[in-house]
Amino acid sequence: EREANLTRINPKLTLNLPGIGMGSVESGIKTLPGVVSRNELSSQYSVRGGNFDENLVYVNEIMIFRPILIRSGQQEGLSFINPDLVSSILFSSGGFDARYGDKMSSVLDIKYKRPQQFAASVNVSLLGASAHFEDRSKNQKFSIISGARYKNNSLVFKNLDESGVYSPMFADFQTQLTYQLNSKHNIGAIGYFAMNKYTFKPQRRESVFGSIGQQYVLNIEFEGFEDDRYTTFMGAVWDTWAPNEKTKVKCIYSLYKSVERESFDILSAYNLGDLNDSKDGKSMP
């Protein structure tokens with residue numbers, strides 16, 4: 001289904017797609033034509049050869065900023081978008097309306113649910129957990145939907161080329177409140193808090209490369225550790241007035257704050273040699 005060069009995606013599909021960690025909306029976006037991602041641990045993607053920061057992301061018409069300067073997919077925590085709260089997903093890889101903004105690559109338009117009755121869910125796995133609840137007041141004017149997530153990829157990181165002690169911890173919480181003043185006027189608010197911690201004490205890395213006739217092995221020994229912390233706050237309120245079917249006026253006020261701290265204290269020494277010599281027990285140059 002396409003609307004003005006926008007592709008509509010079923011939100012339920014994003015929860016069932018296979019991948020590392022819990023389901024995410026970005027995992028579904030990466031399966032579309034023209035969308036490329038170089039790391040399945042990351043929610044970042046590029047469209048039609050563009051950069052990773054050229055993609056617009058909106059949640060309830062609020063622009064979402066993604067300035068965290070991660071260096072690798074292992075450091076990245078949870079995406080802002082909580083799939084348990086999503087009601088509709090629209091994506092365009094080009095040719096979208098001017099109302100979305102002036103970035104050239106793509107636009108991801110997310111709408112969160114407007115609950116009609118009480119509902120809740122809990123998901124638990126070896127890599128994390130998530131929970132959400134939604135409800136609506138008896139007079140049908142006030143609604144709330146909230147979700148919390150926790151993610152820990154330690155089991156996955158143990159199989160990477162770099163062996164060591166991985167201590168990642170990613171958690172977030174967000175909530176949305178809406179109130180219908182009358183048939184033409186409603187107000188709402190959304191709040192978000194995320195705390196991402198990534199600590200890594202590398203010990204050793206071994207990489208093999210070369211051709212069929214000549215292969216080499218690279219061994220690296222490490223000392224020290226890496227400690228990264230990203231804390232993000234986001235809040236927004238909106239006021240919508242629709243005097244008639246053809247007119248809608250909406251004012252949005254949003255605040256975003258991110259505190260990033262990266263600490264590196266790592267020393268390394270490497271040894272490069274022939275893979276066949278190392279298997280025969282000979283000394284490596």
# chains A, B, ... in the order shown; residues from 1 in each chain; ligands from 1
>>> residues_around(residues="Val237 of chain A", least_positions_apart="3", cutoff="7 Å", atoms="only C-alpha atoms", output="PyMOL selection string")
chain A and resi 188-190+252-254
>>> write_last_selection(atoms="N, CA and C atoms", output="mmCIF file, in the first residue's frame")
data_model
loop_
_atom_site.group_PDB
_atom_site.id
_atom_site.type_symbol
_atom_site.label_atom_id
_atom_site.label_comp_id
_atom_site.auth_asym_id
_atom_site.auth_seq_id
_atom_site.Cartn_x
_atom_site.Cartn_y
_atom_site.Cartn_z
ATOM 1 N N GLY A 188 -1.599 16.712 24.158
ATOM 2 C CA GLY A 188 -0.858 15.499 24.467
ATOM 3 C C GLY A 188 0.571 15.799 24.865
ATOM 4 N N ALA A 189 1.239 14.787 25.393
ATOM 5 C CA ALA A 189 2.632 14.923 25.813
ATOM 6 C C ALA A 189 3.312 13.573 25.696
ATOM 7 N N ILE A 190 4.615 13.608 25.470
ATOM 8 C CA ILE A 190 5.417 12.402 25.403
ATOM 9 C C ILE A 190 6.731 12.645 26.135
ATOM 10 N N ILE A 252 3.661 22.211 18.313
ATOM 11 C CA ILE A 252 4.501 21.214 18.989
ATOM 12 C C ILE A 252 5.672 21.931 19.658
ATOM 13 N N TYR A 253 5.898 21.623 20.923
ATOM 14 C CA TYR A 253 7.050 22.149 21.665
ATOM 15 C C TYR A 253 7.848 20.945 22.169
ATOM 16 N N SER A 254 9.114 20.882 21.801
ATOM 17 C CA SER A 254 9.915 19.709 22.173
ATOM 18 C C SER A 254 11.252 20.151 22.744
#
>>> select_by_dssp(residues="segment 106-217 of chain A", states="strand (DSSP E or B)", output="MDAnalysis selection string")
chainID A and resid 106:112 119:125 128:136 142:151 162:182 185:210 215:217
>>> residues_around(residues="Ser37 of chain A", least_positions_apart="6", cutoff="10 Å", atoms="only C-alpha atoms", output="ChimeraX atom specification")
/A:26-27,29-31,43-47,52
>>> write_last_selection(atoms="C-alpha atoms", output="mmCIF file, in the first residue's frame")
data_model
loop_
_atom_site.group_PDB
_atom_site.id
_atom_site.type_symbol
_atom_site.label_atom_id
_atom_site.label_comp_id
_atom_site.auth_asym_id
_atom_site.auth_seq_id
_atom_site.Cartn_x
_atom_site.Cartn_y
_atom_site.Cartn_z
ATOM 1 C CA GLU A 26 14.536 -0.332 11.884
ATOM 2 C CA SER A 27 14.962 -4.083 11.334
ATOM 3 C CA ILE A 29 13.125 -0.834 7.270
ATOM 4 C CA LYS A 30 16.422 -2.527 6.417
ATOM 5 C CA THR A 31 14.602 -5.164 4.349
ATOM 6 C CA SER A 43 19.724 0.631 14.095
ATOM 7 C CA GLN A 44 21.378 3.009 11.636
ATOM 8 C CA TYR A 45 20.780 2.662 7.907
ATOM 9 C CA SER A 46 21.544 4.530 4.704
ATOM 10 C CA VAL A 47 19.209 4.995 1.735
ATOM 11 C CA PHE A 52 23.455 7.562 7.982
#
>>> residues_around(residues="Val259 of chain A", least_positions_apart="2", cutoff="7 Å", atoms="only C-alpha atoms", output="list in words")
Tyr230, Thr231, Thr232, Lys257 and Arg261 of chain A
>>> write_last_selection(atoms="C-alpha atoms", output="mmCIF file, in the first residue's frame")
data_model
loop_
_atom_site.group_PDB
_atom_site.id
_atom_site.type_symbol
_atom_site.label_atom_id
_atom_site.label_comp_id
_atom_site.auth_asym_id
_atom_site.auth_seq_id
_atom_site.Cartn_x
_atom_site.Cartn_y
_atom_site.Cartn_z
ATOM 1 C CA TYR A 230 25.074 7.915 26.944
ATOM 2 C CA THR A 231 22.152 9.510 28.806
ATOM 3 C CA THR A 232 19.277 10.956 26.799
ATOM 4 C CA LYS A 257 19.132 16.702 25.769
ATOM 5 C CA ARG A 261 30.906 10.398 27.878
#
>>> residues_around(residues="segment 146-161 of chain A", least_positions_apart="4", cutoff="8 Å", atoms="only C-alpha atoms", output="count of residues only")
31
